Structure formats: structure tokens, C-alpha cells
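Take a look at the structure set out below.
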Amino acid sequence: MDNKPHGQMTVKAAETLFGYYEKKGYDVLYDHSSAKENVGKIVSWYGDKYGREAELSQLDIAIIEKGSDKAFALIEIEETNDTPKTFMGDVFGVLLGDHISFRGERKFSVGEYTTLIVLGKSKVMHKKRNEYLREQGVKIKSSLSTANSAIGNIVIDTFADEKGLYALLSSVLDNAFKGEV
């Protein structure tokens, strides 16, 4: 069992991604850390005016193409819970929104080029269950008319520990860049 404060693995993953993707022409924004230029709330919301009452969910990491508002990857990492209810809440909290924004100011566009990644820590990998949840999420996504339902791909998976998180996230993002998700 990790004795790290909540969000610690997420911050380390985000900082690793920042170092890698920044060089490739992407902004890596994340939550759960000290005040830095690229740290703040990443929120899925609906309606015409951003505010707490319009928030549907918060994400941990966003990888955005530099010089544009295109969201390449939206990532939620569940360090303590990998239940189907939690995964589907994360997925639908994003898909039901009309906007994704950083610090309530910078809005992102989503489309076929965007991958929504939801990962949860678990001692059991639940491959069949995670694929079932992903398939159902994709089916329901296709019937939504929200702006965020334009997200192209959904990934739901589990990791056992910090090392497993890095390996899984790297693999998923590499596949997303190749269009193989």
C-alpha cells in the first residue's frame, strides 16, 4: 500500500508527461500541485456561464496542442478507487458537458483527435470489466448531443502501482498519438 498523500502519483505522472510532451509541442496542464503556470482546475461544464453550479466533473491532466485550443488527451487518475460507478461517473461527467476549461478561463476544443483516459488503481486488472465499461460508454456517447460527446476515444484501464501507472499512461498516449486507441 502506498503511503503517499492523495494525488501524489497523479502529480508525478503529470510532471513526467510535462517534461516529455512540452518538447513535442503540447501544453500539459494539471491539478493537485503547488501554484505553477500550468497547474489549476480542469473542469467539464455545461451552459453559457462557467461557475461552480455548472461543473460536472474535474480532470487531473489535459494535454493541449500549443498555439491552439485542441485537447489531445483528457486524463483522470483514480488513485484510491476503481469501481465501475467511479469510472462511469468520470466518463459521463466529461461527456455530458459542453465545455472543458482550465482555471475557468482557457477553453479547449474536443473532437475525434481527443482521447478521454480514465485510470484506476487496483490489485486486480479487471480487463473484461474495463472493456465492457468502455464499450458501453462509447455506445452512450454516440447518442449524446453535447459538445463534449465529440471526444473521439475513451480508454478505461487499471494499474497496480506507480510504476504501472507510468507504463500504462505512456502506452495509452503513444497509441493515441498513432491513432490506435
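By order in the C-alpha cells, chains are A, B, ...; within a chain, residues start at 1; ligands start at 1, following the order shown.
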I need the residues in segment 44-147 of chain A that are helix (DSSP H, G or I) according to DSSP; give them as a PyMOL selection string. chain A and resi 52-54+84-95+127-141+147
Please produce a file of those selected residues containing N, CA, C and O atoms, as a CSV table (one decimal), in the first residue's frame.
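Writing the result to part.csv gives the following:
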chain,number,residue,atom,x,y,z
A,52,ARG,N,-19.4,27.3,-10.4
A,52,ARG,CA,-19.5,26.0,-9.6
A,52,ARG,C,-20.8,25.2,-9.9
A,52,ARG,O,-20.7,24.0,-10.0
A,53,GLU,N,-21.9,25.9,-10.1
A,53,GLU,CA,-23.2,25.2,-10.3
A,53,GLU,C,-23.2,24.5,-11.7
A,53,GLU,O,-24.1,23.7,-11.9
A,54,ALA,N,-22.3,24.9,-12.6
A,54,ALA,CA,-22.3,24.3,-13.9
A,54,ALA,C,-21.3,23.2,-14.1
A,54,ALA,O,-21.2,22.5,-15.1
A,84,PRO,N,-16.7,0.4,-11.0
A,84,PRO,CA,-17.4,0.8,-12.2
A,84,PRO,C,-18.2,2.1,-12.0
A,84,PRO,O,-18.2,3.0,-12.9
A,85,LYS,N,-18.8,2.3,-10.9
A,85,LYS,CA,-19.5,3.6,-10.6
A,85,LYS,C,-18.6,4.8,-10.7
A,85,LYS,O,-19.0,5.8,-11.3
A,86,THR,N,-17.4,4.7,-10.2
A,86,THR,CA,-16.5,5.8,-10.2
A,86,THR,C,-16.0,6.0,-11.7
A,86,THR,O,-16.0,7.2,-12.1
A,87,PHE,N,-15.7,5.0,-12.4
A,87,PHE,CA,-15.2,5.1,-13.8
A,87,PHE,C,-16.3,5.8,-14.6
A,87,PHE,O,-16.0,6.7,-15.4
A,88,MET,N,-17.5,5.3,-14.5
A,88,MET,CA,-18.6,5.8,-15.4
A,88,MET,C,-19.0,7.2,-15.0
A,88,MET,O,-19.3,8.0,-15.8
A,89,GLY,N,-18.9,7.5,-13.7
A,89,GLY,CA,-19.1,8.9,-13.2
A,89,GLY,C,-18.1,9.8,-13.9
A,89,GLY,O,-18.4,10.9,-14.3
A,90,ASP,N,-16.8,9.4,-13.9
A,90,ASP,CA,-15.8,10.2,-14.5
A,90,ASP,C,-16.0,10.4,-16.0
A,90,ASP,O,-16.0,11.5,-16.6
A,91,VAL,N,-16.4,9.3,-16.7
A,91,VAL,CA,-16.6,9.4,-18.2
A,91,VAL,C,-17.8,10.3,-18.5
A,91,VAL,O,-17.7,11.2,-19.3
A,92,PHE,N,-18.9,10.1,-17.8
A,92,PHE,CA,-20.1,10.9,-18.1
A,92,PHE,C,-20.1,12.3,-17.6
A,92,PHE,O,-20.7,13.2,-18.2
A,93,GLY,N,-19.3,12.5,-16.5
A,93,GLY,CA,-19.1,13.9,-16.1
A,93,GLY,C,-18.4,14.7,-17.2
A,93,GLY,O,-18.7,15.9,-17.3
A,94,VAL,N,-17.6,14.1,-17.9
A,94,VAL,CA,-16.9,14.8,-19.1
A,94,VAL,C,-17.9,14.9,-20.3
A,94,VAL,O,-18.1,15.9,-20.8
A,95,LEU,N,-18.4,13.7,-20.7
A,95,LEU,CA,-19.2,13.6,-21.9
A,95,LEU,C,-20.5,14.5,-21.9
A,95,LEU,O,-20.9,15.0,-22.9
A,127,LYS,N,-9.6,-6.6,-16.8
A,127,LYS,CA,-9.6,-6.3,-18.2
A,127,LYS,C,-11.0,-6.4,-18.9
A,127,LYS,O,-11.4,-5.5,-19.6
A,128,LYS,N,-11.7,-7.5,-18.6
A,128,LYS,CA,-13.1,-7.7,-19.2
A,128,LYS,C,-14.0,-6.6,-18.8
A,128,LYS,O,-14.8,-6.0,-19.6
A,129,ARG,N,-14.0,-6.3,-17.5
A,129,ARG,CA,-14.9,-5.3,-17.0
A,129,ARG,C,-14.6,-3.9,-17.5
A,129,ARG,O,-15.5,-3.2,-18.0
A,130,ASN,N,-13.4,-3.6,-17.6
A,130,ASN,CA,-13.0,-2.3,-18.1
A,130,ASN,C,-13.4,-2.1,-19.6
A,130,ASN,O,-13.8,-1.0,-20.0
A,131,GLU,N,-13.2,-3.2,-20.3
A,131,GLU,CA,-13.5,-3.1,-21.8
A,131,GLU,C,-15.1,-3.0,-21.9
A,131,GLU,O,-15.5,-2.3,-22.8
A,132,TYR,N,-15.8,-3.7,-21.1
A,132,TYR,CA,-17.3,-3.6,-21.1
A,132,TYR,C,-17.7,-2.2,-20.8
A,132,TYR,O,-18.5,-1.6,-21.5
A,133,LEU,N,-17.1,-1.6,-19.8
A,133,LEU,CA,-17.5,-0.2,-19.4
A,133,LEU,C,-17.1,0.8,-20.5
A,133,LEU,O,-17.9,1.7,-20.9
A,134,ARG,N,-16.0,0.6,-21.2
A,134,ARG,CA,-15.5,1.4,-22.3
A,134,ARG,C,-16.5,1.3,-23.4
A,134,ARG,O,-17.0,2.3,-24.0
A,135,GLU,N,-16.9,0.1,-23.8
A,135,GLU,CA,-17.8,-0.2,-24.9
A,135,GLU,C,-19.1,0.5,-24.6
A,135,GLU,O,-19.7,1.1,-25.5
A,136,GLN,N,-19.7,0.4,-23.4
A,136,GLN,CA,-20.9,1.0,-23.1
A,136,GLN,C,-20.8,2.5,-23.1
A,136,GLN,O,-21.7,3.2,-23.6
A,137,GLY,N,-19.7,3.0,-22.6
A,137,GLY,CA,-19.5,4.5,-22.7
A,137,GLY,C,-19.5,5.0,-24.1
A,137,GLY,O,-20.1,6.0,-24.4
A,138,VAL,N,-18.8,4.3,-25.0
A,138,VAL,CA,-18.8,4.7,-26.4
A,138,VAL,C,-20.2,4.6,-27.0
A,138,VAL,O,-20.6,5.5,-27.8
A,139,LYS,N,-20.9,3.6,-26.7
A,139,LYS,CA,-22.3,3.5,-27.3
A,139,LYS,C,-23.2,4.6,-26.8
A,139,LYS,O,-23.9,5.2,-27.6
A,140,ILE,N,-23.1,4.9,-25.5
A,140,ILE,CA,-24.0,6.0,-25.0
A,140,ILE,C,-23.5,7.4,-25.5
A,140,ILE,O,-24.3,8.2,-25.9
A,141,LYS,N,-22.2,7.5,-25.6
A,141,LYS,CA,-21.6,8.8,-26.2
A,141,LYS,C,-22.2,9.1,-27.5
A,141,LYS,O,-22.5,10.3,-27.8
A,147,ALA,N,-21.5,19.0,-26.6
A,147,ALA,CA,-20.3,19.4,-27.3
A,147,ALA,C,-19.2,18.4,-27.0
A,147,ALA,O,-18.4,17.9,-27.8
Set the distance at 6 Å and use only C-alpha atoms: which residues neighbour segment 102-116 of chain A once local chain neighbours fewer than 6 positions away are removed? I'd like the list as number ranges by chain. A: 40-42, 69-74, 150-154
Residues from the last selection, N, CA, C and O atoms, saved as a CSV table (one decimal), in the first residue's frame:
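Result file is out13.csv:
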chain,number,residue,atom,x,y,z
A,40,GLY,N,-3.9,24.0,-12.2
A,40,GLY,CA,-5.1,24.6,-11.9
A,40,GLY,C,-6.3,23.6,-12.2
A,40,GLY,O,-6.0,22.5,-12.7
A,41,LYS,N,-7.5,24.0,-11.9
A,41,LYS,CA,-8.6,23.2,-12.1
A,41,LYS,C,-8.9,23.0,-13.6
A,41,LYS,O,-9.0,24.0,-14.4
A,42,ILE,N,-9.1,21.8,-14.0
A,42,ILE,CA,-9.6,21.4,-15.4
A,42,ILE,C,-11.0,20.9,-15.2
A,42,ILE,O,-11.2,19.9,-14.6
A,69,ASP,N,-6.3,25.4,-29.2
A,69,ASP,CA,-7.1,25.0,-28.0
A,69,ASP,C,-7.5,23.6,-28.1
A,69,ASP,O,-8.4,23.1,-27.4
A,70,LYS,N,-6.8,22.8,-29.0
A,70,LYS,CA,-7.2,21.4,-29.2
A,70,LYS,C,-6.7,20.5,-28.1
A,70,LYS,O,-5.5,20.4,-27.8
A,71,ALA,N,-7.6,19.8,-27.4
A,71,ALA,CA,-7.3,18.9,-26.4
A,71,ALA,C,-7.0,17.5,-27.0
A,71,ALA,O,-7.9,16.9,-27.6
A,72,PHE,N,-5.7,17.1,-26.9
A,72,PHE,CA,-5.3,15.8,-27.4
A,72,PHE,C,-5.7,14.7,-26.4
A,72,PHE,O,-6.2,13.7,-26.8
A,73,ALA,N,-5.5,14.9,-25.1
A,73,ALA,CA,-5.8,13.9,-24.1
A,73,ALA,C,-6.4,14.6,-22.8
A,73,ALA,O,-5.9,15.6,-22.4
A,74,LEU,N,-7.4,14.0,-22.3
A,74,LEU,CA,-8.0,14.4,-21.0
A,74,LEU,C,-7.9,13.2,-20.1
A,74,LEU,O,-8.4,12.1,-20.5
A,150,ALA,N,-18.2,14.8,-28.6
A,150,ALA,CA,-17.4,14.8,-29.9
A,150,ALA,C,-16.1,14.1,-29.6
A,150,ALA,O,-15.3,13.8,-30.5
A,151,ILE,N,-15.8,13.9,-28.3
A,151,ILE,CA,-14.5,13.2,-28.0
A,151,ILE,C,-14.4,11.9,-28.7
A,151,ILE,O,-15.4,11.1,-28.7
A,152,GLY,N,-13.3,11.7,-29.4
A,152,GLY,CA,-13.1,10.5,-30.3
A,152,GLY,C,-13.0,9.2,-29.6
A,152,GLY,O,-13.6,8.2,-30.0
A,153,ASN,N,-12.1,9.1,-28.5
A,153,ASN,CA,-11.8,7.8,-27.9
A,153,ASN,C,-12.0,7.9,-26.4
A,153,ASN,O,-11.7,8.9,-25.8
A,154,ILE,N,-12.3,6.7,-25.9
A,154,ILE,CA,-12.4,6.6,-24.4
A,154,ILE,C,-11.5,5.4,-24.1
A,154,ILE,O,-11.6,4.3,-24.7
Find the nearest atom pair between each residue of segment 9-112 of chain A and segment 156-168 of chain A for residues within 8 Å, count only C-alpha atoms, give distances in Å to one decimal, sort rows by chain and ascending number, and present the table as a tab-separated table.
residue	atom	partner	partner_atom	distance
A:Met9	CA	A:Glu162	CA	6.3
A:Ala13	CA	A:Tyr166	CA	6.5
A:Asp82	CA	A:Thr158	CA	7.2
A:Phe87	CA	A:Ile156	CA	7.4
Could you take the residues named above and write them with N, CA and C atoms, as a PDB file, in the first residue's frame?
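That gives us selection_18.pdb:
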ATOM      1  N   MET A   9       0.724  10.433  -6.866  1.00  0.00           N
ATOM      2  CA  MET A   9       1.083   9.716  -8.092  1.00  0.00           C
ATOM      3  C   MET A   9       0.662  10.510  -9.319  1.00  0.00           C
ATOM      4  N   ALA A  13       3.065  11.784 -12.291  1.00  0.00           N
ATOM      5  CA  ALA A  13       2.772  11.411 -13.681  1.00  0.00           C
ATOM      6  C   ALA A  13       2.657  12.665 -14.546  1.00  0.00           C
ATOM      7  N   ASP A  82     -11.362   2.048  -8.074  1.00  0.00           N
ATOM      8  CA  ASP A  82     -11.521   1.639  -9.469  1.00  0.00           C
ATOM      9  C   ASP A  82     -12.882   0.979  -9.687  1.00  0.00           C
ATOM     10  N   PHE A  87     -15.662   4.962 -12.365  1.00  0.00           N
ATOM     11  CA  PHE A  87     -15.224   5.108 -13.753  1.00  0.00           C
ATOM     12  C   PHE A  87     -16.296   5.759 -14.620  1.00  0.00           C
TER      13      PHE A  87
END
Computed gap from atom CA of Leu119 of chain A to atom CA of Lys24 of chain A is 23.4 Å
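Nearest residue to Ile117 of chain A among A:Gly97, A:Ile63, A:Asn148, A:Val172 is A:Val172, counting only C-alpha atoms.
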